[in-house]
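Visitor: Quick one, start.pdb (PDB, C-alpha atoms):
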ATOM      1  CA  MET Y  26      49.694  -3.758 -24.385
ATOM      2  CA  SER Y  27      49.439  -0.178 -23.223
ATOM      3  CA  GLU Y  28      46.512   1.817 -21.819
ATOM      4  CA  LYS Y  29      45.542   4.866 -23.849
ATOM      5  CA  ASN Y  30      42.874   7.517 -23.777
ATOM      6  CA  SER Y  31      41.109   5.861 -20.865
ATOM      7  CA  GLU Y  32      39.652   9.046 -19.407
ATOM      8  CA  ILE Y  33      38.770   6.990 -16.347
ATOM      9  CA  ASN Y  34      38.212   8.701 -13.033
ATOM     10  CA  SER Y  35      38.009   6.020 -10.398
ATOM     11  CA  ASN Y  36      37.230   8.588  -7.695
ATOM     12  CA  SER Y  37      33.973   9.728  -9.333
ATOM     13  CA  GLU Y  38      30.691   7.886  -9.580
ATOM     14  CA  ARG Y  39      30.761   7.890 -13.366
ATOM     15  CA  GLN Y  40      33.472   5.684 -14.818
ATOM     16  CA  GLY Y  41      34.423   5.131 -18.417
ATOM     17  CA  CYS Y  42      35.104   7.786 -21.061
ATOM     18  CA  SER Y  43      33.404  10.836 -22.522
ATOM     19  CA  HIS Y  44      31.391   8.589 -24.834
ATOM     20  CA  TYR Y  45      30.203   5.854 -22.471
ATOM     21  CA  ALA Y  46      29.897   5.241 -18.755
ATOM     22  CA  ARG Y  47      31.269   1.756 -18.058
ATOM     23  CA  LYS Y  48      33.543  -0.109 -15.690
ATOM     24  CA  CYS Y  49      35.710  -1.963 -18.163
ATOM     25  CA  MET Y  50      38.091  -1.472 -21.066
ATOM     26  CA  PHE Y  51      38.391  -3.743 -24.054
ATOM     27  CA  VAL Y  52      41.450  -5.270 -25.625
ATOM     28  CA  SER Y  53      41.480  -4.199 -29.258
ATOM     29  CA  PRO Y  54      41.894  -7.304 -31.456
ATOM     30  CA  CYS Y  55      43.691  -5.265 -34.121
ATOM     31  CA  CYS Y  56      46.425  -3.454 -32.171
ATOM     32  CA  LYS Y  57      46.279  -5.245 -28.790
ATOM     33  CA  LYS Y  58      45.801  -2.073 -26.750
ATOM     34  CA  PHE Y  59      43.347  -1.142 -24.014
ATOM     35  CA  TYR Y  60      40.591   1.327 -24.877
ATOM     36  CA  PRO Y  61      37.419   2.394 -23.048
ATOM     37  CA  CYS Y  62      35.328   2.215 -26.245
ATOM     38  CA  ARG Y  63      35.516   1.860 -30.018
ATOM     39  CA  ILE Y  64      35.227   5.618 -30.540
ATOM     40  CA  CYS Y  65      38.256   6.298 -28.334
ATOM     41  CA  HIS Y  66      40.121   3.701 -30.378
ATOM     42  CA  ASP Y  67      39.121   5.098 -33.767
ATOM     43  CA  GLU Y  68      39.956   8.664 -32.715
ATOM     44  CA  THR Y  69      43.464   7.599 -31.684
ATOM     45  CA  GLU Y  70      44.464   4.962 -34.223
ATOM     46  CA  LYS Y  71      44.672   5.244 -37.999
ATOM     47  CA  HIS Y  72      42.310   2.322 -38.469
ATOM     48  CA  GLU Y  73      38.825   1.399 -37.301
ATOM     49  CA  ILE Y  74      37.995  -1.443 -34.970
ATOM     50  CA  ASP Y  75      35.450  -4.183 -35.461
ATOM     51  CA  ARG Y  76      33.901  -4.242 -32.002
ATOM     52  CA  THR Y  77      32.138  -7.532 -32.690
ATOM     53  CA  ALA Y  78      35.613  -9.105 -32.909
ATOM     54  CA  VAL Y  79      36.529  -8.037 -29.350
ATOM     55  CA  GLN Y  80      37.081 -11.105 -27.176
ATOM     56  CA  GLN Y  81      38.685  -9.738 -24.019
ATOM     57  CA  ILE Y  82      37.977  -6.908 -21.597
ATOM     58  CA  LYS Y  83      39.765  -5.545 -18.524
ATOM     59  CA  CYS Y  84      37.983  -4.647 -15.295
ATOM     60  CA  ILE Y  85      38.946  -1.123 -14.211
ATOM     61  CA  GLN Y  86      38.363  -1.998 -10.561
ATOM     62  CA  CYS Y  87      40.433  -5.165 -10.121
ATOM     63  CA  SER Y  88      42.355  -5.041 -13.460
ATOM     64  CA  LEU Y  89      41.469  -8.651 -14.297
ATOM     65  CA  ILE Y  90      41.590  -9.431 -18.014
ATOM     66  CA  GLN Y  91      38.776 -11.805 -18.970
ATOM     67  CA  GLN Y  92      36.349 -12.846 -21.661
ATOM     68  CA  VAL Y  93      33.625 -10.394 -22.677
ATOM     69  CA  GLN Y  94      30.774 -10.668 -20.187
ATOM     70  CA  ARG Y  95      28.499  -8.457 -18.115
ATOM     71  CA  THR Y  96      29.926  -9.212 -14.638
ATOM     72  CA  CYS Y  97      33.579  -9.320 -13.573
ATOM     73  CA  GLU Y  98      34.918 -12.765 -12.669
ATOM     74  CA  GLY Y  99      37.257 -11.266 -10.078
ATOM     75  CA  CYS Y 100      35.277  -8.654  -8.121
ATOM     76  CA  SER Y 101      31.714  -9.308  -9.364
ATOM     77  CA  ILE Y 102      31.224  -5.693 -10.425
ATOM     78  CA  VAL Y 103      28.661  -5.096 -13.175
ATOM     79  CA  PHE Y 104      30.433  -3.474 -16.120
ATOM     80  CA  GLY Y 105      27.308  -1.742 -17.409
ATOM     81  CA  LYS Y 106      23.605  -1.618 -16.667
ATOM     82  CA  TYR Y 107      23.027  -2.095 -20.377
ATOM     83  CA  TYR Y 108      24.969  -4.894 -22.029
ATOM     84  CA  CYS Y 109      24.650  -6.209 -25.579
ATOM     85  CA  SER Y 110      26.558  -9.397 -26.255
ATOM     86  CA  LYS Y 111      26.102  -8.976 -30.027
ATOM     87  CA  CYS Y 112      27.690  -5.517 -30.195
ATOM     88  CA  ASN Y 113      29.976  -5.929 -27.156
ATOM     89  CA  LEU Y 114      28.426  -2.744 -25.842
ATOM     90  CA  PHE Y 115      28.412  -1.673 -22.182
ATOM     91  CA  ASP Y 116      26.714   1.455 -20.831
ATOM     92  CA  ASP Y 117      25.947   2.475 -17.262
ATOM     93  CA  GLU Y 118      23.611   5.283 -18.353
ATOM     94  CA  ASP Y 119      20.002   4.687 -19.312
ATOM     95  CA  LYS Y 120      19.447   5.983 -22.849
ATOM     96  CA  GLY Y 121      16.621   3.669 -23.808
ATOM     97  CA  GLN Y 122      19.105   1.397 -25.572
ATOM     98  CA  PHE Y 123      17.879  -1.540 -27.619
ATOM     99  CA  HIS Y 124      19.427  -3.878 -30.149
ATOM    100  CA  CYS Y 125      17.846  -4.232 -33.591
ATOM    101  CA  ASP Y 126      18.792  -7.500 -35.257
ATOM    102  CA  LYS Y 127      17.760  -6.239 -38.697
ATOM    103  CA  CYS Y 128      19.887  -3.100 -38.379
ATOM    104  CA  GLY Y 129      22.679  -5.135 -36.836
ATOM    105  CA  LEU Y 130      23.450  -2.591 -34.118
ATOM    106  CA  CYS Y 131      22.230  -0.986 -30.899
ATOM    107  CA  ARG Y 132      20.149   2.175 -30.948
ATOM    108  CA  VAL Y 133      18.900   4.601 -28.313
ATOM    109  CA  GLY Y 134      15.593   6.323 -27.672
ATOM    110  CA  GLY Y 135      13.354   3.466 -26.498
ATOM    111  CA  LYS Y 136      12.354   0.420 -28.517
ATOM    112  CA  SER Y 137       8.627   1.207 -28.221
ATOM    113  CA  LYS Y 138       9.145   4.510 -30.050
ATOM    114  CA  PHE Y 139      10.618   2.958 -33.187
ATOM    115  CA  PHE Y 140       9.834   0.373 -35.834
ATOM    116  CA  HIS Y 141      12.085  -1.237 -38.430
ATOM    117  CA  CYS Y 142      11.232  -0.473 -42.055
ATOM    118  CA  ASP Y 143      12.355  -3.495 -44.052
ATOM    119  CA  LYS Y 144      12.539  -1.622 -47.357
ATOM    120  CA  CYS Y 145      14.476   1.366 -46.023
ATOM    121  CA  GLY Y 146      16.585  -1.013 -43.938
ATOM    122  CA  MET Y 147      16.533   1.036 -40.743
ATOM    123  CA  CYS Y 148      14.591   1.884 -37.605
ATOM    124  CA  LEU Y 149      12.267   4.887 -37.850
ATOM    125  CA  SER Y 150      10.058   6.795 -35.445
ATOM    126  CA  THR Y 151       6.639   5.167 -35.068
ATOM    127  CA  LYS Y 152       5.197   8.552 -36.108
ATOM    128  CA  LEU Y 153       6.572   7.879 -39.588
ATOM    129  CA  ARG Y 154       4.840   4.527 -40.012
ATOM    130  CA  GLY Y 155       3.025   4.741 -43.343
ATOM    131  CA  LYS Y 156       3.975   8.430 -43.681
ATOM    132  CA  HIS Y 157       7.416   8.310 -45.267
ATOM    133  CA  LYS Y 158       8.705   7.570 -48.746
ATOM    134  CA  CYS Y 159      10.542   4.248 -48.796
ATOM    135  CA  ILE Y 160      13.825   3.969 -50.674
ATOM    136  CA  GLU Y 161      15.578   0.619 -50.866
ATOM    137  CA  ASP Y 162      18.308   0.473 -48.181
ATOM    138  CA  SER Y 163      18.358   4.262 -47.913
ATOM    139  CA  SER Y 164      20.395   4.249 -44.700
ATOM    140  CA  ARG Y 165      23.122   2.105 -46.248
ATOM    141  CA  ARG Y 166      24.317   5.086 -48.253
ATOM    142  CA  ASN Y 167      26.524   8.027 -47.371
ATOM    143  CA  CYS Y 168      25.215  11.471 -46.472
ATOM    144  CA  ALA Y 169      25.198  13.536 -49.671
ATOM    145  CA  VAL Y 170      26.735  16.499 -47.817
ATOM    146  CA  CYS Y 171      29.543  15.127 -45.633
ATOM    147  CA  LEU Y 172      29.840  11.767 -47.463
ATOM    148  CA  GLU Y 173      29.966   9.935 -44.116
ATOM    149  CA  ASP Y 174      28.116   6.685 -43.452
ATOM    150  CA  LEU Y 175      24.489   7.124 -42.381
ATOM    151  CA  HIS Y 176      23.639   3.671 -41.061
ATOM    152  CA  THR Y 177      26.233   3.504 -38.286
ATOM    153  CA  SER Y 178      26.504   7.247 -37.657
ATOM    154  CA  ARG Y 179      25.879   8.516 -34.126
ATOM    155  CA  ILE Y 180      24.482  11.764 -35.578
ATOM    156  CA  ASP Y 181      20.721  12.132 -36.013
ATOM    157  CA  ALA Y 182      19.414  11.727 -39.550
ATOM    158  CA  HIS Y 183      16.558  13.695 -41.122
ATOM    159  CA  ILE Y 184      14.148  12.194 -43.638
ATOM    160  CA  PRO Y 185      12.886  14.767 -46.179
ATOM    161  CA  PRO Y 186       9.789  14.182 -48.364
ATOM    162  CA  CYS Y 187      11.946  12.682 -51.134
ATOM    163  CA  GLY Y 188      13.261   9.999 -48.749
ATOM    164  CA  HIS Y 189      16.991  10.715 -49.183
ATOM    165  CA  LEU Y 190      18.500  10.714 -45.702
ATOM    166  CA  ILE Y 191      20.757  13.544 -44.608
ATOM    167  CA  HIS Y 192      22.523  14.208 -41.302
ATOM    168  CA  ARG Y 193      20.584  16.765 -39.272
ATOM    169  CA  GLU Y 194      23.759  18.769 -38.686
ATOM    170  CA  CYS Y 195      24.433  18.813 -42.433
ATOM    171  CA  LEU Y 196      20.835  19.879 -43.082
ATOM    172  CA  THR Y 197      21.247  22.814 -40.694
ATOM    173  CA  GLN Y 198      24.387  23.913 -42.528
ATOM    174  CA  CYS Y 199      22.540  23.705 -45.861
ATOM    175  CA  LEU Y 200      19.762  25.951 -44.591
ATOM    176  CA  LYS Y 201      22.267  28.492 -43.293
ATOM    177  CA  THR Y 202      23.658  28.843 -46.814
ATOM    178  CA  GLY Y 203      20.234  29.121 -48.441
ATOM    179  CA  ILE Y 204      20.104  25.570 -49.800
ATOM    180  CA  TYR Y 205      16.552  24.314 -49.328
ATOM    181  CA  PHE Y 206      16.582  21.415 -51.794
ATOM    182  CA  CYS Y 207      17.823  17.827 -51.503
ATOM    183  CA  PRO Y 208      21.473  17.536 -52.564
ATOM    184  CA  THR Y 209      20.668  14.161 -54.127
ATOM    185  CA  CYS Y 210      17.529  14.792 -56.191
ATOM    186  CA  ALA Y 211      17.027  18.597 -55.855
ATOM    187  CA  GLN Y 212      13.466  18.241 -54.517
ATOM    188  CA  SER Y 213      12.447  20.752 -51.838
ATOM    189  CA  LEU Y 214      13.365  19.577 -48.348
ATOM    190  CA  PHE Y 215      10.296  21.118 -46.701
ATOM    191  CA  ASP Y 216       6.850  22.488 -47.436
ATOM    192  CA  MET Y 217       7.859  25.754 -49.145
ATOM    193  CA  LYS Y 218       4.368  27.171 -49.782
ATOM    194  CA  GLU Y 219       4.925  30.197 -47.565
ATOM    195  CA  ALA Y 220       8.250  30.942 -49.268
ATOM    196  CA  TRP Y 221       6.581  30.657 -52.673
ATOM    197  CA  ARG Y 222       3.870  33.108 -51.574
ATOM    198  CA  ASN Y 223       6.585  35.587 -50.625
ATOM    199  CA  LEU Y 224       8.107  35.210 -54.080
ATOM    200  CA  ASP Y 225       4.670  35.748 -55.623
ATOM    201  CA  GLU Y 226       4.486  39.103 -53.832
ATOM    202  CA  ASP Y 227       8.022  40.054 -54.891
ATOM    203  CA  ILE Y 228       7.236  39.273 -58.535
ATOM    204  CA  ALA Y 229       3.973  41.226 -58.389
ATOM    205  CA  ASN Y 230       5.884  44.236 -57.085
ATOM    206  CA  THR Y 231       8.702  43.902 -59.637
ATOM    207  CA  PRO Y 232       7.375  44.421 -63.190
ATOM    208  CA  MET Y 233       9.656  43.286 -65.981
ATOM    209  CA  PRO Y 234      10.833  45.665 -68.757
ATOM    210  CA  GLU Y 235       8.468  45.884 -71.703
ATOM    211  CA  GLU Y 236      10.675  43.745 -73.979
ATOM    212  CA  TYR Y 237      10.493  40.802 -71.549
ATOM    213  CA  ARG Y 238       6.877  40.891 -70.449
ATOM    214  CA  ASN Y 239       5.647  38.442 -73.069
ATOM    215  CA  MET Y 240       8.663  36.145 -73.174
ATOM    216  CA  HIS Y 241       7.926  32.536 -72.281
ATOM    217  CA  VAL Y 242      10.518  29.936 -71.298
ATOM    218  CA  GLY Y 243      10.312  26.194 -70.845
ATOM    219  CA  ILE Y 244      10.966  24.920 -67.316
ATOM    220  CA  LEU Y 245      11.224  21.641 -65.450
ATOM    221  CA  CYS Y 246       9.906  21.542 -61.884
ATOM    222  CA  ARG Y 247      12.160  19.707 -59.452
ATOM    223  CA  ASP Y 248       9.246  19.118 -57.087
ATOM    224  CA  CYS Y 249       6.464  17.713 -59.304
ATOM    225  CA  HIS Y 250       8.854  16.716 -62.140
ATOM    226  CA  LYS Y 251       6.597  18.231 -64.814
ATOM    227  CA  GLU Y 252       7.518  20.548 -67.680
ATOM    228  CA  SER Y 253       5.653  23.717 -68.535
ATOM    229  CA  SER Y 254       6.004  27.005 -70.403
ATOM    230  CA  VAL Y 255       5.880  30.088 -68.164
ATOM    231  CA  LEU Y 256       6.460  33.816 -68.353
ATOM    232  CA  PHE Y 257      10.082  34.713 -67.753
ATOM    233  CA  HIS Y 258      10.838  36.778 -64.648
ATOM    234  CA  VAL Y 259      14.133  37.853 -63.136
ATOM    235  CA  ILE Y 260      13.143  36.755 -59.601
ATOM    236  CA  GLY Y 261      11.986  33.230 -60.358
ATOM    237  CA  LEU Y 262      10.182  30.854 -62.681
ATOM    238  CA  LYS Y 263       7.011  29.448 -61.163
ATOM    239  CA  CYS Y 264       5.808  25.967 -62.066
ATOM    240  CA  SER Y 265       2.343  26.190 -63.613
ATOM    241  CA  GLU Y 266       1.506  22.702 -62.328
ATOM    242  CA  CYS Y 267       2.283  22.889 -58.593
ATOM    243  CA  GLY Y 268       3.275  26.513 -57.985
ATOM    244  CA  SER Y 269       6.852  25.741 -56.927
ATOM    245  CA  TYR Y 270       9.759  28.022 -57.708
ATOM    246  CA  ASN Y 271      12.185  25.123 -57.384
ATOM    247  CA  THR Y 272      12.560  24.951 -61.149
ATOM    248  CA  CYS Y 273      15.203  24.949 -63.870
ATOM    249  CA  ARG Y 274      15.206  25.997 -67.512
ATOM    250  CA  SER Y 275      14.477  23.247 -70.018
ATOM    251  CA  ALA Y 276      13.943  25.193 -73.261
ATOM    252  CA  ASP Y 277      14.882  28.460 -74.948
ATOM    253  CA  PRO Y 278      12.504  31.452 -75.050
ATOM    254  CA  GLU Y 279       9.496  30.845 -77.302
ATOM    255  CA  ASN Y 280       8.746  34.483 -78.230
ATOM    256  CA  GLY Y 281       9.184  38.070 -77.134
ATOM    257  CA  ALA Y 282      12.592  39.749 -76.887
ATOM    258  CA  GLN Y 283      15.006  39.427 -79.793
ATOM    259  CA  GLY Y 284      18.576  40.508 -80.524
ATOM    260  CA  ASP Y 285      20.432  40.872 -77.233
ATOM    261  CA  ALA Y 286      17.833  38.913 -75.288
ATOM    262  CA  PRO Y 287      20.037  35.861 -74.485
ATOM    263  CA  ALA Y 288      22.783  38.014 -72.960
ATOM    264  CA  ALA Y 289      20.312  40.049 -70.953
ATOM    265  CA  GLU Y 290      18.577  36.835 -69.986
ATOM    266  CA  ASN Y 291      21.770  35.405 -68.518
ATOM    267  CA  GLN Y 292      22.249  38.535 -66.472
ATOM    268  CA  ALA Y 293      18.650  38.339 -65.315
ATOM    269  CA  GLU Y 294      19.082  34.738 -64.258
ATOM    270  CA  ALA Y 295      22.123  35.671 -62.177
ATOM    271  CA  ILE Y 296      20.114  38.359 -60.417
ATOM    272  CA  ALA Y 297      17.274  35.884 -59.981
ATOM    273  CA  ALA Y 298      19.537  33.362 -58.271
ATOM    274  CA  GLU Y 299      20.798  36.029 -55.890
ATOM    275  CA  ASN Y 300      17.318  37.315 -55.083
ATOM    276  CA  GLN Y 301      15.910  33.823 -54.645
ATOM    277  CA  ALA Y 302      18.718  32.850 -52.268
ATOM    278  CA  GLU Y 303      18.034  36.006 -50.254
ATOM    279  CA  GLY Y 304      14.335  35.267 -50.204
ATOM    280  CA  ASN Y 305      14.916  31.671 -49.158
ATOM    281  CA  SER Y 306      17.259  32.707 -46.364
ATOM    282  CA  ASN Y 307      14.422  34.755 -44.876
ATOM    283  CA  ASN Y 308      12.515  31.531 -44.464
ATOM    284  CA  THR Y 309      15.416  29.584 -43.015
ATOM    285  CA  GLU Y 310      14.440  30.173 -39.397
ATOM    286  CA  GLN Y 311      10.947  28.792 -39.864
ATOM    287  CA  ASN Y 312      12.341  25.816 -41.812
ATOM    288  CA  GLN Y 313      14.877  25.083 -39.101
ATOM    289  CA  GLY Y 314      12.058  24.252 -36.710
ATOM    290  CA  LEU Y 315      12.342  20.674 -37.905
ATOM    291  CA  SER Y 316       9.777  18.185 -36.707
ATOM    292  CA  GLN Y 317      11.147  15.225 -34.839
ATOM    293  CA  ASP Y 318       8.648  13.162 -36.773
ATOM    294  CA  ASN Y 319      11.167  13.198 -39.613
ATOM    295  CA  ASN Y 320      13.938  11.778 -37.472
ATOM    296  CA  ALA Y 321      15.285   8.335 -38.105
ATOM    297  CA  THR Y 322      16.572   6.687 -34.942
ATOM    298  CA  ASP Y 323      18.383   8.739 -32.340
ATOM    299  CA  ASN Y 324      22.155   8.449 -32.125
ATOM    300  CA  LYS Y 325      23.463   4.948 -32.617
ATOM    301  CA  GLU Y 326      25.522   3.333 -29.908
TER
END
Would you put the structure from the file into structure tokens?
Guide:
Amino acid sequence: MSEKNSEINSNSERQGCSHYARKCMFVSPCCKKFYPCRICHDETEKHEIDRTAVQQIKCIQCSLIQQVQRTCEGCSIVFGKYYCSKCNLFDDEDKGQFHCDKCGLCRVGGKSKFFHCDKCGMCLSTKLRGKHKCIEDSSRRNCAVCLEDLHTSRIDAHIPPCGHLIHRECLTQCLKTGIYFCPTCAQSLFDMKEAWRNLDEDIANTPMPEEYRNMHVGILCRDCHKESSVLFHVIGLKCSECGSYNTCRSADPENGAQGDAPAAENQAEAIAAENQAEGNSNNTEQNQGLSQDNNATDNKE
């Protein structure tokens, strides 16, 4: 067995690696090498480790190889102030760690601040109790943006009104590119009323050409999921039920312009998409002030 990626500095107070402070290394059951933590292993090897299968650890003070336990058999040093025998997790830094049996892993942030939602299958902030939309095993799916696992991810997850989890980092990237709707169901990710009011003003100040002023089109609202017939406008199509501009065309024009109308309409829609993206980007900064109430658990351990 060889020692790799230990990042251990025995002369400093903090010992371990960049991911965890601890005074031991584990023997990987898959490749029989020493690693400070599972993340160091997975970043180095071409396979992932099952940390629950780890059976041996090595003390970094006396180098004794022994069974997984909290205290060294040789020098009696405590490997980590926090120790979970179920996850084989050691950590010398207080992060409010706690193990959730229903999630099957350790989380951080303080047990009193979270509750486990049985339907969603994950721990959520107590501020979300009774205030979130439950989706069966929602955390057991991949992020719709990066396609990485959500349940075991160490990256914070955001819960939008539709209930489809998304990594907070991925959400930030979406907002930077003007995407304000859920990549899974297309429902708005935030309360967009202020953005819709801005679009109302833009439409009021942008009269349509005479041949289009009485043209109605059928739309489907992605927020309230209702269909309606509305006046066509190059900037956006407003839902007559809930006032959202997060809509899509569902039917051809009912009356009004004839002849070259479809071609002109396509051009108008292209301009509308560009203008709407620009308008939405103006509201990105206010939307990026995300409430922590919509956080799932903090980073997993």
Visitor: Could you tell me which residues the PyMOL selection byres ((chain Y and resi 178) around 12) grabs in this file, written as JSON, numbers by chain?
Guide: {"Y": [64, 130, 131, 132, 164, 165, 166, 167, 168, 171, 172, 173, 174, 175, 176, 177, 179, 180, 181, 182, 190, 191, 192, 193, 194, 321, 322, 323, 324, 325, 326]}
Visitor: Which residue gives the smallest distance to Val242 (chain Y) among Y:Val255, Y:Ile228, Y:Leu149, Y:Cys273, with all atoms listed in the file counted?
Guide: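 Checking each candidate against Val242 (chain Y), we get Y:Val255 as the closest.
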Visitor: I would like the residues chosen by the PyMOL selection byres ((chain Y and resi 230-236) around 8) on the shown file; could you give them as a list in words?
Guide: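 Selected by the PyMOL selection byres ((chain Y and resi 230-236) around 8) in this file: Glu226, Asp227, Ile228, Ala229, Tyr237, Arg238, Asn239, Met240, His258, Val259, Gly281 and Ala282 of chain Y.
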Visitor: Of the candidates Y:Pro208, Y:Gly243, Y:Gly41, Y:Gly188, which one gets nearest to Thr272 (chain Y) if we count all atoms listed in the file?
Guide: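 Distance minimum relative to Thr272 (chain Y) lands on Y:Gly243.
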Visitor: In Å, how far is it from CA of Leu256 (chain Y) to CA of Asn223 (chain Y)?
Guide: 17.8 Å
Visitor: Pick out the residues sitting within 7 Å of region 78-86 of chain Y, and hand them over as a PDB file with C-alpha atoms, keeping the file's coordinate frame; count all atoms listed in the file, and ignore anything fewer than 2 positions along from it in its own chain.
Guide:
ATOM      1  CA  LYS Y  48      33.543  -0.109 -15.690  1.00  0.00           C
ATOM      2  CA  CYS Y  49      35.710  -1.963 -18.163  1.00  0.00           C
ATOM      3  CA  MET Y  50      38.091  -1.472 -21.066  1.00  0.00           C
ATOM      4  CA  PHE Y  51      38.391  -3.743 -24.054  1.00  0.00           C
ATOM      5  CA  VAL Y  52      41.450  -5.270 -25.625  1.00  0.00           C
ATOM      6  CA  SER Y  53      41.480  -4.199 -29.258  1.00  0.00           C
ATOM      7  CA  PRO Y  54      41.894  -7.304 -31.456  1.00  0.00           C
ATOM      8  CA  ASP Y  75      35.450  -4.183 -35.461  1.00  0.00           C
ATOM      9  CA  ARG Y  76      33.901  -4.242 -32.002  1.00  0.00           C
ATOM     10  CA  SER Y  88      42.355  -5.041 -13.460  1.00  0.00           C
ATOM     11  CA  LEU Y  89      41.469  -8.651 -14.297  1.00  0.00           C
ATOM     12  CA  ILE Y  90      41.590  -9.431 -18.014  1.00  0.00           C
ATOM     13  CA  GLN Y  91      38.776 -11.805 -18.970  1.00  0.00           C
ATOM     14  CA  GLN Y  92      36.349 -12.846 -21.661  1.00  0.00           C
ATOM     15  CA  VAL Y  93      33.625 -10.394 -22.677  1.00  0.00           C
ATOM     16  CA  CYS Y  97      33.579  -9.320 -13.573  1.00  0.00           C
TER      17      CYS Y  97
END
Visitor: Any idea what's packed within 8 Å of Glu161 (chain Y), counting only C-alpha atoms, ignoring anything in its chain fewer than 6 positions away? Could you give it as number ranges by chain?
Guide: Y: 144-146
Visitor: So which residues touch Ser43 (chain Y) within 9 Å, counting all atoms listed in the file, skipping near sequence neighbours fewer than 2 positions away, as a list of chain:residue names?
Guide: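 Once the nearby chain positions are removed, what remains is Y:Glu32, Y:Gly41, Y:Tyr45, Y:Ala46, Y:Cys65.
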Visitor: For the residues in the current selection, export C-alpha atoms as a compact mmCIF listing (two decimals), in the frame of the given file.
Guide:
# COMPACT_ATOMS: atom_id res chain seq x y z
CA GLU Y 32 39.65 9.05 -19.41
CA GLY Y 41 34.42 5.13 -18.42
CA TYR Y 45 30.20 5.85 -22.47
CA ALA Y 46 29.90 5.24 -18.76
CA CYS Y 65 38.26 6.30 -28.33
Visitor: I'd like the neighbourhood of Phe215 (chain Y) as a list in words, where a residue qualifies if any of its atoms comes within 7 Å (using all atoms listed in the file), though same-chain residues fewer than 2 positions away should be ignored.
Guide: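 Using all atoms listed in the file, the neighbours found are Pro185, Ser213 and Met217 of chain Y.
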Visitor: Residues at most 9 Å from Pro186 (chain Y), counting all atoms listed in the file, excluding those fewer than 4 positions away in the same chain, as an MDAnalysis selection string?
Guide: chainID Y and resid 157:158 212:216 319
Visitor: Between CA of His124 (chain Y) and CA of Lys136 (chain Y), what is the distance in Å, rounded to a tenth?
Guide: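 Atom-to-atom, CA of His124 (chain Y) and CA of Lys136 (chain Y) are spaced 8.4 Å apart.
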Visitor: Just give me the gap between CA of Phe104 (chain Y) and CA of Lys58 (chain Y) in Å, one decimal is fine.
Guide: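 CA of Lys58 (chain Y) lies at a distance of 18.7 Å from CA of Phe104 (chain Y).
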Visitor: Generate N, CA and C atoms for region 231-243 of chain Y and emit them as an mmCIF file, in the frame of the given file.
Guide:
data_model
loop_
_atom_site.group_PDB
_atom_site.id
_atom_site.type_symbol
_atom_site.label_atom_id
_atom_site.label_comp_id
_atom_site.auth_asym_id
_atom_site.auth_seq_id
_atom_site.Cartn_x
_atom_site.Cartn_y
_atom_site.Cartn_z
ATOM 1 N N THR Y 231 7.518 43.666 -58.806
ATOM 2 C CA THR Y 231 8.702 43.902 -59.637
ATOM 3 C C THR Y 231 8.358 43.653 -61.104
ATOM 4 N N PRO Y 232 7.739 44.614 -61.770
ATOM 5 C CA PRO Y 232 7.375 44.421 -63.190
ATOM 6 C C PRO Y 232 8.620 44.330 -64.064
ATOM 7 N N MET Y 233 8.549 43.461 -65.060
ATOM 8 C CA MET Y 233 9.656 43.286 -65.981
ATOM 9 C C MET Y 233 9.647 44.389 -67.044
ATOM 10 N N PRO Y 234 10.796 44.703 -67.647
ATOM 11 C CA PRO Y 234 10.833 45.665 -68.757
ATOM 12 C C PRO Y 234 9.908 45.209 -69.886
ATOM 13 N N GLU Y 235 9.446 46.159 -70.652
ATOM 14 C CA GLU Y 235 8.468 45.884 -71.703
ATOM 15 C C GLU Y 235 8.905 44.768 -72.640
ATOM 16 N N GLU Y 236 10.205 44.736 -73.008
ATOM 17 C CA GLU Y 236 10.675 43.745 -73.979
ATOM 18 C C GLU Y 236 10.661 42.313 -73.449
ATOM 19 N N TYR Y 237 10.484 42.156 -72.127
ATOM 20 C CA TYR Y 237 10.493 40.802 -71.549
ATOM 21 C C TYR Y 237 9.117 40.340 -71.047
ATOM 22 N N ARG Y 238 8.150 41.212 -71.094
ATOM 23 C CA ARG Y 238 6.877 40.891 -70.449
ATOM 24 C C ARG Y 238 6.109 39.755 -71.122
ATOM 25 N N ASN Y 239 6.365 39.512 -72.363
ATOM 26 C CA ASN Y 239 5.647 38.442 -73.069
ATOM 27 C C ASN Y 239 6.558 37.269 -73.439
ATOM 28 N N MET Y 240 7.726 37.214 -72.843
ATOM 29 C CA MET Y 240 8.663 36.145 -73.174
ATOM 30 C C MET Y 240 8.395 34.908 -72.310
ATOM 31 N N HIS Y 241 8.160 33.800 -72.976
ATOM 32 C CA HIS Y 241 7.926 32.536 -72.281
ATOM 33 C C HIS Y 241 9.167 31.647 -72.360
ATOM 34 N N VAL Y 242 9.400 30.885 -71.319
ATOM 35 C CA VAL Y 242 10.518 29.936 -71.298
ATOM 36 C C VAL Y 242 10.012 28.574 -70.826
ATOM 37 N N GLY Y 243 10.661 27.539 -71.290
ATOM 38 C CA GLY Y 243 10.312 26.194 -70.845
ATOM 39 C C GLY Y 243 11.053 25.852 -69.560
#
